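Undergrad: So here's input.tsv, just TSV, C-alpha atoms:
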```
chain	number	residue	atom	x	y	z
A	108	MET	CA	-3.86	9.81	-12.09
A	109	LYS	CA	-5.61	12.24	-9.80
A	110	TYR	CA	-3.71	13.63	-6.80
A	111	GLU	CA	-5.39	15.48	-3.95
A	112	THR	CA	-4.92	16.06	-0.25
A	113	ARG	CA	-7.65	15.80	2.35
A	114	GLY	CA	-6.18	17.22	5.52
A	115	PRO	CA	-3.18	15.06	6.49
A	116	VAL	CA	-4.08	12.39	3.93
A	117	ALA	CA	-2.86	12.22	0.33
A	118	TRP	CA	-5.10	10.45	-2.18
A	119	LEU	CA	-3.75	9.01	-5.43
A	120	THR	CA	-6.63	7.88	-7.63
A	121	MET	CA	-5.87	5.81	-10.71
A	122	ASN	CA	-8.06	7.54	-13.25
A	123	ARG	CA	-8.49	5.41	-16.37
A	124	PRO	CA	-11.98	4.07	-15.67
A	125	GLN	CA	-12.60	3.24	-19.34
A	126	ALA	CA	-9.60	0.87	-19.16
A	127	MET	CA	-10.39	-0.42	-15.66
A	128	ASN	CA	-7.46	1.69	-14.42
A	129	SER	CA	-4.92	-0.56	-16.10
A	130	ILE	CA	-1.44	0.79	-15.47
A	131	SER	CA	-0.08	2.75	-18.41
A	132	LEU	CA	3.24	4.48	-19.00
A	133	GLU	CA	1.59	7.80	-18.21
A	134	MET	CA	0.21	6.46	-14.92
A	135	THR	CA	3.63	5.06	-14.05
A	136	SER	CA	5.21	8.45	-14.74
A	137	LEU	CA	2.70	10.13	-12.43
A	138	TYR	CA	3.45	7.65	-9.64
A	139	GLU	CA	7.13	8.48	-10.16
A	140	LYS	CA	6.30	12.18	-9.89
A	141	TYR	CA	3.92	12.19	-6.93
A	142	LEU	CA	5.37	9.58	-4.59
A	143	PRO	CA	8.60	11.50	-3.82
A	144	GLU	CA	6.58	14.70	-3.33
A	145	ILE	CA	4.25	13.01	-0.85
A	146	ALA	CA	7.14	11.37	0.99
A	147	ALA	CA	8.88	14.74	1.40
A	148	ASP	CA	5.79	16.67	2.58
A	149	ASP	CA	5.71	16.59	6.39
A	150	SER	CA	2.10	17.80	6.45
A	151	ILE	CA	1.02	14.52	4.84
A	152	ARG	CA	0.90	11.63	7.29
A	153	VAL	CA	-0.88	8.87	5.31
A	154	LEU	CA	-1.15	7.87	1.64
A	155	VAL	CA	-4.29	6.32	0.12
A	156	ILE	CA	-4.29	4.67	-3.30
A	157	THR	CA	-7.60	3.91	-5.00
A	158	GLY	CA	-9.27	3.79	-8.41
A	159	ALA	CA	-11.97	5.63	-10.31
A	160	GLY	CA	-15.07	3.87	-11.60
A	161	ARG	CA	-15.79	0.17	-11.15
A	162	ALA	CA	-12.21	-1.02	-10.81
A	163	PHE	CA	-9.36	-0.43	-8.42
A	164	CYS	CA	-6.94	-1.67	-11.07
A	165	ALA	CA	-7.06	-4.54	-13.55
A	166	GLY	CA	-3.28	-4.73	-13.92
A	167	ALA	CA	-0.75	-3.49	-16.43
A	168	ASP	CA	-1.96	-2.30	-19.81
A	169	LEU	CA	-0.98	-5.34	-21.91
A	170	LYS	CA	-0.71	-3.25	-25.07
A	171	GLU	CA	2.04	-1.22	-23.46
A	172	VAL	CA	3.70	-4.39	-22.16
A	173	LEU	CA	3.89	-5.66	-25.74
A	174	ALA	CA	5.19	-2.33	-27.01
A	175	SER	CA	7.96	-2.30	-24.41
A	176	GLU	CA	9.35	-5.55	-25.81
A	177	SER	CA	10.64	-3.64	-28.85
A	178	LEU	CA	12.77	-1.23	-26.82
A	179	PRO	CA	16.52	-1.21	-27.53
A	180	PRO	CA	18.61	-3.45	-25.25
A	181	GLY	CA	19.55	-1.67	-22.02
A	182	ASP	CA	16.56	0.64	-21.96
A	183	THR	CA	14.39	0.49	-18.84
A	184	ASP	CA	11.21	-1.20	-19.96
A	185	PHE	CA	7.64	-0.70	-18.81
A	186	LEU	CA	7.54	-3.65	-16.42
A	187	GLU	CA	10.82	-2.61	-14.76
A	188	ARG	CA	9.35	0.83	-14.12
A	189	ILE	CA	6.18	-0.62	-12.61
A	190	CYS	CA	8.24	-2.87	-10.33
A	191	ALA	CA	10.33	0.12	-9.25
A	192	VAL	CA	7.16	2.07	-8.40
A	193	PHE	CA	5.84	-0.87	-6.40
A	194	ASP	CA	9.14	-1.07	-4.51
A	195	VAL	CA	8.73	2.58	-3.55
A	196	LEU	CA	5.16	1.93	-2.39
A	197	ARG	CA	6.17	-1.18	-0.45
A	198	ASN	CA	8.90	0.73	1.40
A	199	PHE	CA	7.12	4.09	1.56
A	200	PRO	CA	8.09	6.00	4.72
A	201	LYS	CA	4.46	6.70	5.62
A	202	PRO	CA	1.51	4.33	6.11
A	203	VAL	CA	-0.14	3.33	2.84
A	204	ILE	CA	-3.80	2.31	2.59
A	205	ALA	CA	-5.21	0.58	-0.48
A	206	SER	CA	-8.89	1.44	-0.86
A	207	LEU	CA	-10.29	-1.21	-3.20
A	208	ASN	CA	-13.32	0.31	-4.89
A	209	GLY	CA	-13.92	-2.58	-7.31
A	210	ILE	CA	-12.16	-5.13	-9.50
A	211	THR	CA	-8.61	-5.77	-8.30
A	212	MET	CA	-6.60	-8.15	-10.47
A	213	ALA	CA	-3.07	-8.98	-11.63
A	214	GLY	CA	-0.93	-5.84	-11.26
A	215	GLY	CA	-3.82	-4.28	-9.36
A	216	LEU	CA	-3.57	-7.03	-6.77
A	217	GLU	CA	0.19	-6.55	-6.69
A	218	ALA	CA	-0.30	-2.81	-6.13
A	219	ALA	CA	-2.69	-3.55	-3.25
A	220	MET	CA	-0.12	-5.93	-1.79
A	221	CYS	CA	2.27	-2.98	-1.46
A	222	ALA	CA	-0.08	-1.28	1.01
A	223	ASP	CA	0.14	-1.62	4.77
A	224	ILE	CA	-3.64	-1.76	5.20
A	225	VAL	CA	-6.39	-2.80	2.77
A	226	ILE	CA	-10.00	-1.61	3.00
A	227	ALA	CA	-12.48	-2.77	0.37
A	228	ASP	CA	-15.92	-2.20	-1.07
A	229	GLU	CA	-18.07	-5.21	-0.20
A	230	GLU	CA	-18.70	-5.67	-3.95
A	231	ALA	CA	-15.00	-5.72	-4.87
A	232	ARG	CA	-13.61	-8.82	-6.58
A	233	ILE	CA	-9.97	-9.69	-6.00
A	234	GLY	CA	-7.78	-12.09	-7.94
A	235	ASP	CA	-4.50	-12.65	-9.77
A	236	ALA	CA	-5.65	-13.38	-13.36
A	237	HIS	CA	-2.17	-13.62	-14.91
A	238	ALA	CA	-2.82	-17.26	-15.80
A	239	ASN	CA	-5.82	-16.23	-17.93
A	240	PHE	CA	-3.45	-14.60	-20.42
A	241	GLY	CA	-0.45	-16.90	-20.12
A	242	VAL	CA	1.36	-14.10	-18.30
A	243	TYR	CA	3.74	-14.61	-15.38
A	244	PRO	CA	3.43	-12.22	-12.40
A	245	GLY	CA	6.46	-10.03	-11.88
A	246	ALA	CA	5.66	-7.71	-8.97
A	247	GLY	CA	4.80	-10.06	-6.14
A	248	GLY	CA	1.99	-12.31	-7.33
A	249	ALA	CA	3.94	-15.55	-7.05
A	250	SER	CA	6.43	-14.47	-4.38
A	251	ILE	CA	4.62	-12.18	-1.95
A	252	LEU	CA	0.97	-13.26	-2.19
A	253	PRO	CA	1.75	-16.61	-0.50
A	254	ARG	CA	3.15	-14.63	2.45
A	255	LEU	CA	-0.07	-12.67	2.85
A	256	VAL	CA	-2.69	-15.41	2.48
A	257	PRO	CA	-2.57	-19.17	3.08
A	258	LEU	CA	-0.44	-20.95	0.49
A	259	ASN	CA	-3.32	-22.98	-0.95
A	260	ILE	CA	-5.40	-19.81	-1.39
A	261	ALA	CA	-2.51	-18.06	-3.16
A	262	LYS	CA	-2.13	-21.06	-5.48
A	263	TYR	CA	-5.88	-21.14	-6.10
A	264	LEU	CA	-5.83	-17.50	-7.20
A	265	LEU	CA	-2.65	-17.96	-9.23
A	266	PHE	CA	-3.62	-21.19	-10.98
A	267	THR	CA	-7.32	-20.61	-11.68
A	268	GLY	CA	-7.30	-16.91	-12.57
A	269	LYS	CA	-10.55	-16.61	-10.60
A	270	THR	CA	-11.51	-13.79	-8.25
A	271	LEU	CA	-12.72	-13.93	-4.66
A	272	SER	CA	-14.96	-11.52	-2.79
A	273	ALA	CA	-13.66	-8.86	-0.44
A	274	SER	CA	-15.24	-10.78	2.46
A	275	ASP	CA	-13.48	-13.98	1.41
A	276	MET	CA	-10.15	-12.14	1.25
A	277	GLN	CA	-10.84	-10.59	4.65
A	278	GLY	CA	-11.28	-14.11	6.00
A	279	TYR	CA	-7.89	-15.07	4.54
A	280	GLY	CA	-6.24	-12.04	6.16
A	281	PHE	CA	-5.59	-9.94	3.06
A	282	VAL	CA	-8.34	-7.33	3.53
A	283	ASN	CA	-8.56	-5.53	6.87
A	284	GLU	CA	-11.99	-3.91	6.56
A	285	VAL	CA	-14.99	-4.43	4.26
A	286	VAL	CA	-17.56	-1.65	3.92
A	287	SER	CA	-20.45	-0.76	1.64
A	288	GLY	CA	-19.49	1.07	-1.54
A	289	ASP	CA	-21.23	4.27	-0.55
A	290	ARG	CA	-19.17	4.33	2.65
A	291	LEU	CA	-15.79	3.40	1.20
A	292	ALA	CA	-14.31	6.88	0.69
A	293	ASP	CA	-15.49	8.17	4.06
A	294	ALA	CA	-14.44	5.01	5.90
A	295	THR	CA	-11.01	5.16	4.26
A	296	GLN	CA	-10.57	8.82	5.20
A	297	GLU	CA	-11.66	8.13	8.79
A	298	LEU	CA	-9.18	5.27	9.05
A	299	ALA	CA	-6.39	7.40	7.57
A	300	GLU	CA	-7.11	10.37	9.83
A	301	GLY	CA	-6.99	8.12	12.88
A	302	ILE	CA	-3.56	6.86	11.84
A	303	ALA	CA	-2.45	10.41	11.01
A	304	GLN	CA	-2.90	11.41	14.66
A	305	LYS	CA	-0.14	9.01	15.73
A	306	SER	CA	3.57	9.81	15.86
A	307	PRO	CA	4.93	9.72	12.29
A	308	ILE	CA	8.38	8.61	13.39
A	309	ALA	CA	6.98	5.83	15.58
A	310	LEU	CA	4.84	4.56	12.68
A	311	GLN	CA	7.77	4.75	10.27
A	312	ARG	CA	10.01	2.79	12.61
A	313	MET	CA	7.31	0.17	13.28
A	314	LYS	CA	6.91	-0.28	9.53
A	315	ILE	CA	10.67	-0.60	8.96
A	316	VAL	CA	11.01	-3.34	11.57
A	317	ALA	CA	7.83	-5.16	10.57
A	318	ASN	CA	8.96	-5.28	6.92
A	319	ALA	CA	12.62	-6.05	7.63
A	320	THR	CA	11.98	-8.95	10.00
A	321	GLN	CA	9.64	-10.98	7.80
A	322	GLY	CA	11.17	-14.43	7.59
A	323	GLU	CA	13.64	-13.78	10.42
A	324	SER	CA	13.71	-15.90	13.55
A	325	ARG	CA	11.87	-14.62	16.60
A	326	ASP	CA	15.12	-13.83	18.40
A	327	VAL	CA	16.57	-11.86	15.48
A	328	ALA	CA	13.31	-9.97	15.03
A	329	LEU	CA	13.22	-9.05	18.72
A	330	GLN	CA	16.83	-7.84	18.59
A	331	HIS	CA	15.98	-5.62	15.63
A	332	GLU	CA	13.00	-4.24	17.52
A	333	GLN	CA	15.05	-3.52	20.64
A	334	VAL	CA	17.75	-1.69	18.67
A	335	MET	CA	15.06	0.48	17.11
A	336	LEU	CA	13.48	1.08	20.52
A	337	ARG	CA	16.77	2.46	21.85
A	338	ARG	CA	16.89	4.90	18.95
A	339	HIS	CA	13.25	5.83	19.43
A	340	MET	CA	13.68	6.53	23.15
A	341	ARG	CA	15.73	9.59	22.16
A	342	SER	CA	12.93	11.02	20.01
A	343	PHE	CA	10.85	14.10	20.76
A	344	ASP	CA	7.65	12.19	20.02
A	345	MET	CA	8.22	9.52	22.65
A	346	ALA	CA	8.96	12.15	25.31
A	347	GLU	CA	5.94	14.15	24.20
A	348	GLY	CA	3.68	11.09	24.27
A	349	LEU	CA	4.72	10.15	27.79
A	350	GLN	CA	4.38	13.75	28.98
A	351	ALA	CA	0.94	14.06	27.42
A	352	PHE	CA	-0.12	10.81	29.11
A	353	ALA	CA	1.05	12.13	32.49
A	354	GLU	CA	-0.76	15.44	31.92
A	355	LYS	CA	-3.92	13.72	30.59
A	356	ARG	CA	-3.90	15.65	27.31
A	357	GLN	CA	-3.60	14.87	23.60
A	358	PRO	CA	0.03	14.66	22.44
A	359	LYS	CA	1.37	17.04	19.81
A	360	PHE	CA	3.70	14.90	17.74
A	361	LYS	CA	6.32	16.48	15.48
A	362	GLY	CA	7.70	13.41	13.75
A	363	ARG	CA	11.17	13.64	15.24
```
Rewrite the structure from the file as structure tokens, please.

TA:
Amino acid sequence: MKYETRGPVAWLTMNRPQAMNSISLEMTSLYEKYLPEIAADDSIRVLVITGAGRAFCAGADLKEVLASESLPPGDTDFLERICAVFDVLRNFPKPVIASLNGITMAGGLEAAMCADIVIADEEARIGDAHANFGVYPGAGGASILPRLVPLNIAKYLLFTGKTLSASDMQGYGFVNEVVSGDRLADATQELAEGIAQKSPIALQRMKIVANATQGESRDVALQHEQVMLRRHMRSFDMAEGLQAFAEKRQPKFKGR
């Protein structure tokens, strides 16, 4: 795993290109190390996850999955740790962008599903692939994917093990932007920097409500939003934004 910052943007690059960035115990440990650090660093406004080489991520390293089956009862196994990392990503307090640089399958697809926004290389191939190995998805493939794309498309990916193009997945609403490979890093950074200029606390609160109200009725969702609005009206950033608008200047948000 490679960790770097580019201005207000943190980049986590899965760096096992020879193994198509399959998720190993070491990679999981590095996620566990870096994610809390990034969350606590106020200078970082956006997190990008991507991969090195020709794959974003091909899923969990199946050799390590097999090895974890021999752990003593009660020990936290490899798959439990991956799921815990994905839970952190899914509920991360800052916007998360998945930058799909290539093959995205199985646990790689589930990692991408944890992001708030997905941008992809036009040559990227995206699929579930668990069925190809008789493996059952455990981090959102069967439960969350059908919430992000039409049900029949989710079942197609789950049942066939096939991949679809980034453009196809954009059409189904999973990918937000598709760009040429030579533009992916720059386009991702530009997108992240644009988001980083917004109020961190406003973005965090939008994300909390958007995530928490999935599956709720319209009325319940609106009530949740209005409660959060009342809290937000007492924030520095809302006052600063309105003042900046009145003074025709750029706001200087502080995230509080």

Undergrad: Applying 8 Å and all atoms listed in the file, which residues near Ile151 in chain A remain after dropping the ones on its own chain fewer than 4 positions away? List them as a list in words.

TA: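 The residues that qualify are Thr112, Gly114, Pro115, Val116, Ala117, Ile145 and Ala146 of chain A.
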
Undergrad: When you draw a straight line from CA of Asn122 in chain A to CA of Gly160 in chain A, how long is it in Å?

TA: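 Between CA of Asn122 in chain A and CA of Gly160 in chain A the gap is 8.1 Å.
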
Undergrad: Enumerate, as a PyMOL selection string, the protein, DNA and RNA residues whose atoms approach (-1.8, 0.5, -15.1) to within 12 Å, taking into account only C-alpha atoms and the coordinate frame of the file.

TA: chain A and resi 108+120-138+158+162-172+185-186+188-190+192-193+211-218

Undergrad: Using all atoms listed in the file, give me every residue within 9 Å of (1.8, 5.7, 1.8) in file coordinates, as an NGL selection string.

TA: :A and (117 or 142 or 145-146 or 152-156 or 196-205 or 222-223)

Undergrad: Counting all atoms listed in the file, what is within 9 Å of range 285-294 of chain A, bar same-chain residues fewer than 5 positions away, as a PyMOL selection string?

TA: chain A and resi 206-209+225-231+273-274+277+299

Undergrad: Just the residues within 12 Å of Leu252 in chain A, please, counting only C-alpha atoms, with nothing from its chain fewer than 3 positions along; format it as a PyMOL selection string.

TA: chain A and resi 213-214+216-221+234-235+244-249+255-265+276+279-281

Undergrad: What lies within 10 Å of range 324-338 of chain A using all atoms listed in the file, ignoring chain neighbours under 4 positions off, as number ranges by chain?

TA: A: 309, 312-313, 315-317, 319-320, 342

Undergrad: Just the number, please: distance in Å from CA of Ile251 in chain A to CA of Glu139 in chain A, one decimal.

TA: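 Atom-to-atom, CA of Ile251 in chain A and CA of Glu139 in chain A are spaced 22.4 Å apart.
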
Undergrad: Please determine, counting all atoms listed in the file, which residue among A:Ser272, A:Gln311, A:Ser306, A:Gln296 has the shortest atom-to-atom distance to Glu347 in chain A.

TA: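 With all atoms listed in the file as the atom set, the closest residue is A:Ser306.
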
Undergrad: Calculate how many Å separate CA of Lys361 in chain A from CA of Met340 in chain A, rounding to one decimal.

TA: 14.6 Å

Undergrad: So, with all atoms listed in the file as the atoms that count, which of A:Pro143, A:Arg254, A:Leu271, A:Gly241 lies closest to Gln321 in chain A?

TA: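 Looking at the shortest contact to Gln321 in chain A, the residue is A:Arg254.
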